[in-house]
file work_36.cif (mmCIF, C-alpha atoms and all ligand atoms)
data_input
loop_
_atom_site.label_atom_id
_atom_site.label_comp_id
_atom_site.auth_asym_id
_atom_site.auth_seq_id
_atom_site.Cartn_x
_atom_site.Cartn_y
_atom_site.Cartn_z
CA MET V 1 -8.05 13.89 28.12
CA MET V 2 -4.46 12.99 28.73
CA SER V 3 -1.98 13.40 25.95
CA PRO V 4 -2.06 10.25 23.79
CA ASP V 5 1.69 10.00 24.05
CA THR V 6 2.62 10.91 27.53
CA LYS V 7 6.26 9.85 27.03
CA GLY V 8 6.51 12.09 23.98
CA ASN V 9 8.16 9.38 21.89
CA GLY V 10 7.83 9.56 18.11
CA ALA V 11 5.95 6.47 17.00
CA GLY V 12 3.34 6.62 19.73
CA ARG V 13 2.73 10.31 19.13
CA MET V 14 2.59 9.85 15.39
CA ALA V 15 0.20 6.91 15.63
CA ALA V 16 -2.04 8.73 18.04
CA GLU V 17 -2.07 11.77 15.78
CA LEU V 18 -3.04 9.57 12.89
CA PHE V 19 -5.83 8.11 14.97
CA LEU V 20 -7.10 11.49 16.06
CA LYS V 21 -6.75 13.00 12.58
CA ASP V 22 -8.96 10.25 11.26
CA GLY V 23 -11.86 11.05 13.50
CA GLY V 24 -11.11 8.86 16.53
CA ASP V 25 -12.11 10.43 19.78
CA GLY V 26 -9.00 9.20 21.53
CA ALA V 27 -11.05 7.43 24.20
CA GLY V 28 -8.85 5.14 26.23
CA LEU V 29 -5.57 6.50 24.91
CA GLY V 30 -3.11 7.14 27.66
CA ARG V 31 -5.47 5.74 30.31
CA PRO V 32 -4.25 2.88 32.45
CA PHE V 33 -6.15 -0.37 32.15
CA GLU V 34 -8.88 -0.50 34.78
CA GLY V 35 -11.19 -3.20 36.15
CA LYS V 36 -12.56 -6.28 34.37
CA GLY V 37 -12.33 -6.56 30.58
CA ALA V 38 -10.22 -4.27 28.49
CA PRO V 39 -11.43 -1.03 26.96
CA ARG V 40 -11.69 -1.40 23.19
CA THR V 41 -8.55 0.57 22.63
CA LEU V 42 -6.47 -1.87 24.64
CA ASP V 43 -5.56 -5.39 23.61
CA ARG V 44 -3.31 -8.11 24.92
CA HIS V 45 -0.04 -9.64 23.71
CA SER V 46 1.97 -12.30 25.48
CA THR V 47 3.97 -9.35 26.84
CA GLY V 48 0.94 -7.60 28.37
CA TRP V 49 -1.60 -4.91 27.50
CA TYR V 50 -0.94 -2.47 24.73
CA ARG V 51 -2.79 0.40 23.13
CA VAL V 52 -4.60 -0.10 19.84
CA LEU V 53 -4.78 2.89 17.54
CA GLU V 54 -6.82 2.82 14.37
CA ALA V 55 -6.98 4.82 11.17
CA THR V 56 -8.56 4.41 7.75
CA LYS V 57 -6.61 5.29 4.62
CA LYS V 58 -7.50 5.28 0.96
CA ILE V 59 -4.80 4.10 -1.42
CA CYS V 60 -4.91 3.64 -5.19
CA VAL V 61 -3.37 0.94 -7.33
CA LEU V 62 -2.90 2.07 -10.90
CA GLY V 63 -0.99 1.32 -14.07
CA ASP V 64 -1.48 0.11 -17.63
CA PRO V 65 -4.02 -2.61 -18.49
CA ALA V 66 -2.98 -6.20 -17.70
CA VAL V 67 0.12 -5.34 -15.64
CA GLY V 68 -1.37 -7.29 -12.73
CA LYS V 69 -3.16 -4.68 -10.58
CA THR V 70 -6.13 -6.93 -9.82
CA SER V 71 -3.84 -9.88 -9.20
CA VAL V 72 -1.55 -7.96 -6.84
CA ILE V 73 -4.50 -6.63 -4.83
CA ARG V 74 -6.13 -10.06 -4.67
CA ARG V 75 -2.87 -11.60 -3.55
CA TYR V 76 -2.53 -9.04 -0.76
CA ALA V 77 -6.16 -8.75 0.35
CA LEU V 78 -7.34 -12.34 -0.23
CA ASP V 79 -4.08 -14.27 -0.59
CA CYS V 80 -5.08 -15.88 -3.87
CA PHE V 81 -4.26 -15.64 -7.55
CA ASP V 82 -6.92 -15.92 -10.28
CA GLU V 83 -5.96 -17.41 -13.61
CA GLY V 84 -9.12 -16.02 -15.24
CA TYR V 85 -8.58 -12.50 -16.55
CA LEU V 86 -11.16 -10.03 -15.37
CA THR V 87 -11.05 -6.54 -16.86
CA THR V 88 -11.80 -3.94 -14.23
CA ILE V 89 -14.35 -1.37 -15.28
CA GLY V 90 -13.65 2.08 -13.86
CA ALA V 91 -12.57 1.49 -10.28
CA ARG V 92 -13.28 -0.98 -7.50
CA VAL V 93 -12.37 -1.21 -3.87
CA LEU V 94 -11.07 -4.00 -1.61
CA ASN V 95 -10.23 -3.62 2.08
CA ARG V 96 -7.50 -5.04 4.25
CA THR V 97 -6.29 -4.06 7.68
CA GLN V 98 -2.53 -3.78 8.00
CA VAL V 99 -1.24 -4.01 11.54
CA LEU V 100 1.83 -1.90 12.25
CA ARG V 101 3.99 -2.36 15.30
CA PHE V 102 6.70 -0.08 16.57
CA PRO V 103 9.67 -1.49 18.42
CA GLY V 104 9.76 -0.59 22.07
CA GLN V 105 6.24 0.85 21.95
CA SER V 106 3.27 -0.54 23.83
CA ALA V 107 1.00 0.49 20.97
CA GLU V 108 -0.10 -1.05 17.71
CA LEU V 109 -1.60 0.81 14.76
CA ARG V 110 -4.35 -0.89 12.77
CA LEU V 111 -4.44 0.77 9.42
CA HIS V 112 -7.66 -0.03 7.55
CA LEU V 113 -6.64 0.27 3.92
CA LYS V 114 -9.30 0.99 1.34
CA ILE V 115 -7.56 -0.19 -1.80
CA TRP V 116 -8.92 1.37 -4.98
CA GLU V 117 -8.00 -0.32 -8.21
CA ILE V 118 -8.11 2.07 -11.15
CA SER V 119 -8.95 0.26 -14.38
CA GLY V 120 -6.13 1.46 -16.66
CA GLN V 121 -8.54 1.51 -19.60
CA ASN V 122 -8.13 4.64 -21.73
CA ARG V 123 -11.85 5.14 -22.07
CA HIS V 124 -12.06 5.99 -18.36
CA LEU V 125 -9.28 8.60 -18.46
CA GLU V 126 -11.51 11.55 -17.58
CA LEU V 127 -12.68 9.79 -14.41
CA TYR V 128 -9.23 9.20 -12.93
CA PRO V 129 -8.78 12.50 -11.04
CA SER V 130 -12.05 11.89 -9.19
CA TYR V 131 -10.90 8.40 -8.23
CA TYR V 132 -7.60 9.76 -6.93
CA LEU V 133 -9.15 12.42 -4.68
CA GLY V 134 -8.56 11.74 -1.00
CA ALA V 135 -5.95 9.04 -1.68
CA GLU V 136 -3.06 9.15 0.77
CA GLY V 137 -0.78 6.83 -1.15
CA ALA V 138 -0.46 4.77 -4.30
CA ILE V 139 1.12 1.67 -5.74
CA ILE V 140 1.82 2.21 -9.42
CA VAL V 141 2.39 -1.00 -11.33
CA GLY V 142 4.37 -1.87 -14.45
CA ASP V 143 4.95 -5.26 -16.08
CA ALA V 144 8.39 -6.90 -16.19
CA THR V 145 7.53 -8.44 -19.57
CA ARG V 146 6.51 -5.20 -21.35
CA VAL V 147 8.91 -2.26 -21.23
CA GLU V 148 6.26 0.21 -22.47
CA THR V 149 4.33 -0.29 -19.21
CA GLN V 150 7.46 0.83 -17.33
CA VAL V 151 7.80 3.91 -19.58
CA ASN V 152 4.15 4.71 -18.89
CA LEU V 153 4.73 4.83 -15.14
CA TRP V 154 5.87 8.38 -15.74
CA LYS V 155 2.44 9.43 -16.99
CA TRP V 156 0.61 7.57 -14.21
CA ILE V 157 2.68 9.24 -11.50
CA GLU V 158 2.14 12.72 -12.95
CA GLY V 159 -1.62 12.18 -13.31
CA PHE V 160 -1.91 10.83 -9.80
CA ARG V 161 0.19 13.56 -8.18
CA ALA V 162 -1.79 16.27 -9.98
CA ALA V 163 -4.96 15.11 -8.21
CA ALA V 164 -3.72 13.61 -4.94
CA GLY V 165 -0.69 15.80 -4.22
CA ARG V 166 2.71 14.68 -2.89
CA VAL V 167 1.66 11.54 -1.08
CA PRO V 168 3.80 8.39 -0.84
CA ILE V 169 4.03 6.26 -3.97
CA ILE V 170 5.71 2.90 -4.47
CA LEU V 171 6.50 1.78 -8.00
CA VAL V 172 6.16 -1.93 -8.60
CA VAL V 173 7.39 -3.96 -11.55
CA ASN V 174 5.23 -7.08 -11.43
CA LYS V 175 5.45 -10.56 -13.05
CA THR V 176 9.05 -11.23 -12.09
CA ASP V 177 8.28 -14.93 -12.40
CA LEU V 178 8.21 -14.26 -16.16
CA MET V 179 11.14 -11.83 -16.10
CA ASP V 180 12.41 -11.03 -19.57
CA GLU V 181 15.75 -9.17 -19.41
CA THR V 182 15.14 -7.52 -22.79
CA GLU V 183 11.82 -6.08 -21.59
CA PHE V 184 12.95 -4.86 -18.19
CA ASP V 185 14.77 -1.52 -18.13
CA LEU V 186 16.60 -1.11 -14.81
CA GLU V 187 18.13 2.23 -15.86
CA LEU V 188 14.73 3.63 -16.72
CA MET V 189 13.28 2.44 -13.41
CA ASP V 190 16.17 4.05 -11.53
CA GLU V 191 15.59 7.29 -13.43
CA ILE V 192 11.84 7.40 -12.71
CA SER V 193 12.40 6.43 -9.11
CA HIS V 194 14.97 9.20 -8.69
CA GLU V 195 12.94 11.83 -10.58
CA PHE V 196 9.80 11.34 -8.48
CA ARG V 197 11.56 10.27 -5.28
CA CYS V 198 9.61 7.07 -4.91
CA PRO V 199 11.13 3.63 -4.39
CA PHE V 200 10.66 0.86 -6.92
CA ARG V 201 10.19 -2.79 -6.06
CA MET V 202 9.76 -6.04 -7.94
CA SER V 203 6.88 -8.47 -7.33
CA SER V 204 5.08 -11.52 -8.59
CA ALA V 205 1.37 -11.80 -7.91
CA ARG V 206 1.53 -15.34 -9.23
CA ASN V 207 3.85 -16.68 -6.55
CA GLY V 208 3.24 -13.88 -4.06
CA ALA V 209 6.86 -12.71 -3.97
CA ASN V 210 7.23 -9.29 -2.34
CA VAL V 211 3.52 -8.38 -2.63
CA ASP V 212 2.80 -8.19 1.11
CA ASN V 213 6.06 -6.34 1.65
CA VAL V 214 5.13 -3.62 -0.82
CA PHE V 215 1.76 -2.91 0.83
CA ARG V 216 3.34 -3.08 4.27
CA GLU V 217 6.05 -0.64 3.20
CA LEU V 218 3.44 1.79 1.91
CA ALA V 219 1.43 1.42 5.14
CA TYR V 220 4.51 2.32 7.20
CA GLN V 221 5.08 5.30 4.92
CA LEU V 222 1.48 6.43 5.50
CA ALA V 223 2.23 6.24 9.20
CA GLY V 224 5.39 8.28 8.62
CA ARG V 225 7.70 5.40 9.51
CA LYS V 226 10.12 2.98 7.87
CA PRO V 227 9.10 -0.70 7.87
CA LEU V 228 10.81 -2.88 10.44
CA SER V 229 12.46 -4.88 7.66
CA GLY V 230 12.41 -3.53 4.13
CA PRO V 231 11.14 -5.37 1.07
CA ARG V 232 13.64 -6.77 -1.37
CA ARG V 233 14.35 -4.45 -4.22
CA GLY V 234 15.87 -6.97 -6.57
CA ARG V 235 14.39 -10.02 -8.13
CA ALA V 236 11.36 -11.60 -6.52
CA CYS V 237 10.95 -14.95 -8.21
P1 LIG V 301 -4.76 -5.64 -14.44
O1 LIG V 301 -5.69 -5.66 -13.28
O2 LIG V 301 -3.59 -4.74 -14.26
O3 LIG V 301 -5.44 -5.34 -15.74
P2 LIG V 301 -4.63 -8.50 -14.05
O4 LIG V 301 -4.10 -7.11 -14.60
O5 LIG V 301 -4.38 -8.66 -12.61
O6 LIG V 301 -6.03 -8.73 -14.52
O7 LIG V 301 -3.63 -9.51 -14.79
C1 LIG V 301 -3.48 -9.52 -16.19
C2 LIG V 301 -2.90 -10.86 -16.62
O8 LIG V 301 -1.61 -11.02 -16.05
C3 LIG V 301 -3.69 -12.09 -16.12
O9 LIG V 301 -3.44 -13.14 -17.04
C4 LIG V 301 -3.02 -12.45 -14.83
O10 LIG V 301 -3.21 -13.80 -14.49
C5 LIG V 301 -1.57 -12.18 -15.21
N1 LIG V 301 -0.70 -11.87 -14.09
C6 LIG V 301 -0.87 -10.91 -13.15
N2 LIG V 301 0.16 -10.89 -12.31
C7 LIG V 301 1.00 -11.86 -12.70
C8 LIG V 301 2.28 -12.34 -12.22
O11 LIG V 301 2.86 -11.86 -11.25
N3 LIG V 301 2.85 -13.35 -12.91
C9 LIG V 301 2.26 -13.92 -14.02
N4 LIG V 301 2.90 -14.90 -14.61
N5 LIG V 301 1.08 -13.49 -14.48
C10 LIG V 301 0.46 -12.48 -13.84
P3 LIG V 301 -4.47 -13.67 -18.14
O12 LIG V 301 -3.76 -14.79 -18.78
O13 LIG V 301 -5.68 -14.08 -17.38
O14 LIG V 301 -4.67 -12.50 -19.05
MG MG V 302 -7.82 -5.23 -13.23
#
call {"tool": "encode", "arguments": {"input": "work_36.cif", "output": "structure tokens"}}
result
Amino acid sequence: MMSPDTKGNGAGRMAAELFLKDGGDGAGLGRPFEGKGAPRTLDRHSTGWYRVLEATKKICVLGDPAVGKTSVIRRYALDCFDEGYLTTIGARVLNRTQVLRFPGQSAELRLHLKIWEISGQNRHLELYPSYYLGAEGAIIVGDATRVETQVNLWKWIEGFRAAAGRVPIILVVNKTDLMDETEFDLELMDEISHEFRCPFRMSSARNGANVDNVFRELAYQLAGRKPLSGPRRGRAC
């Protein structure tokens, strides 16, 4: 088989490695398009044929009860917001494919995200490490209207890292549409972000602000790349 990245350029090589690491057989990579109909690993843009690389990644969304984990995931995976509150029992999984493109590359990476929501209920504490196993990234959520949920991010990060290792994490302070200055501690968020070397972002699952950006940013991190345009860090109302 030819090298997946015959030009040796970073994104293509990285994406192909991701693909191969995840059990792909690499069929079609690096091969020129031949004959009628495209091989499954090639697809077509207006600009011509390009390679399609695929990988599956497990990520976890965790944080205190009622910070908006279910709502953020639903907003991202289904593009909707439920008014009815549904307590998650244990963990549940939703899927969405995030397409990543790399400038100047004739390749696209389709990252199939398996998004595990961890309930946040204390009675399931002993189960958490088993839910975290195999996760390659996490979004850890606090609530802009309750400062204690921001303080608790500390404990969620430590618990997650102990089981999953040093994988990318993005901290999210959700419900910015209800932002209460007295309940949002910017200094604390800066401190946690600095201590654990993970960025923090603001979102609103209600109006959708910044939600897609956060998942997209994590997906690019899983692929070892920066997003083409970064999410807003500040207010997302
Ligand atoms: P959880 O999965 O972290 O436990 P949920 O949290 O997603 O179930 O949300 C808990 C409550 O917060 C729900 O309200 C939900 O509608 C609300 N919520 C979630 N995200 C946002 C947001 O960005 N803005 C606002 N205004 N509300 C949000 P109820 O009233 O059903 O308890
Ligand atoms: Mg939930």
call {"tool": "atom_distance", "arguments": {"input": "work_36.cif", "atom1": "atom CA of V:Phe160", "atom2": "atom CA of V:Pro129"}}
result
7.2 Å
call {"tool": "atom_distance", "arguments": {"input": "work_36.cif", "atom1": "atom CA of V:Arg161", "atom2": "atom CA of V:Asp64"}}
result
16.5 Å
call {"tool": "residues_around", "arguments": {"input": "work_36.cif", "residues": "stretch 108-123 of chain V", "least_positions_apart": "6", "cutoff": "8 Å", "atoms": "only C-alpha atoms", "output": "PyMOL selection string"}}
result
chain V and resi 15+50-65+69-70+73+87-102+131+219
call {"tool": "closest_residue", "arguments": {"input": "work_36.cif", "among": "V:Val141, V:Ala135, V:Cys80, V:Leu188", "to": "ligand MG 302 (chain V)", "atoms": "all atoms listed in the file"}}
result
V:Val141
call {"tool": "atom_distance", "arguments": {"input": "work_36.cif", "atom1": "atom CA of V:Leu153", "atom2": "atom CA of V:Arg197"}}
result
13.2 Å
call {"tool": "residues_near_point", "arguments": {"input": "work_36.cif", "point": "(6.8, 7.1, -5.9)", "cutoff": "10 Å", "atoms": "all atoms listed in the file", "output": "JSON list (two decimals) with C-alpha atoms, in the coordinates of the input"}}
result
[["chain", "number", "residue", "atom", "x", "y", "z"],
["V", 137, "GLY", "CA", -0.78, 6.83, -1.15],
["V", 138, "ALA", "CA", -0.46, 4.77, -4.30],
["V", 139, "ILE", "CA", 1.12, 1.67, -5.74],
["V", 140, "ILE", "CA", 1.82, 2.21, -9.42],
["V", 153, "LEU", "CA", 4.73, 4.83, -15.14],
["V", 154, "TRP", "CA", 5.87, 8.38, -15.74],
["V", 157, "ILE", "CA", 2.68, 9.24, -11.50],
["V", 161, "ARG", "CA", 0.19, 13.56, -8.18],
["V", 166, "ARG", "CA", 2.71, 14.68, -2.89],
["V", 167, "VAL", "CA", 1.66, 11.54, -1.08],
["V", 168, "PRO", "CA", 3.80, 8.39, -0.84],
["V", 169, "ILE", "CA", 4.03, 6.26, -3.97],
["V", 170, "ILE", "CA", 5.71, 2.90, -4.47],
["V", 171, "LEU", "CA", 6.50, 1.78, -8.00],
["V", 172, "VAL", "CA", 6.16, -1.93, -8.60],
["V", 192, "ILE", "CA", 11.84, 7.40, -12.71],
["V", 193, "SER", "CA", 12.40, 6.43, -9.11],
["V", 194, "HIS", "CA", 14.97, 9.20, -8.69],
["V", 195, "GLU", "CA", 12.94, 11.83, -10.58],
["V", 196, "PHE", "CA", 9.80, 11.34, -8.48],
["V", 197, "ARG", "CA", 11.56, 10.27, -5.28],
["V", 198, "CYS", "CA", 9.61, 7.07, -4.91],
["V", 199, "PRO", "CA", 11.13, 3.63, -4.39],
["V", 200, "PHE", "CA", 10.66, 0.86, -6.92]]
call {"tool": "axis_aligned_box", "arguments": {"input": "work_36.cif", "around": "stretch 213-220 of chain V", "padding_each_side": "6 Å", "output": "AutoDock Vina command-line options"}}
result
--center_x 3.7 --center_y -2.0 --center_z 3.2 --size_x 16.6 --size_y 20.7 --size_z 20.0
call {"tool": "closest_residue", "arguments": {"input": "work_36.cif", "among": "V:Leu127, V:Ala162, V:Val72, V:Arg201", "to": "ligand MG 302 (chain V)", "atoms": "all atoms listed in the file"}}
result
V:Val72
call {"tool": "closest_residue", "arguments": {"input": "work_36.cif", "among": "V:Ser204, V:Asn213, V:Thr182, V:Gln105", "to": "V:Gly142", "atoms": "all atoms listed in the file"}}
result
V:Ser204
call {"tool": "closest_residue", "arguments": {"input": "work_36.cif", "among": "V:Ala163, V:Met189, V:Leu178, V:Val214", "to": "V:Thr149", "atoms": "all atoms listed in the file"}}
result
V:Met189
call {"tool": "residues_around", "arguments": {"input": "work_36.cif", "residues": "V:Ala144", "least_positions_apart": "5", "cutoff": "9 Å", "atoms": "all atoms listed in the file", "output": "ChimeraX atom specification"}}
result
/V:67,149-150,173-181,183-185,202
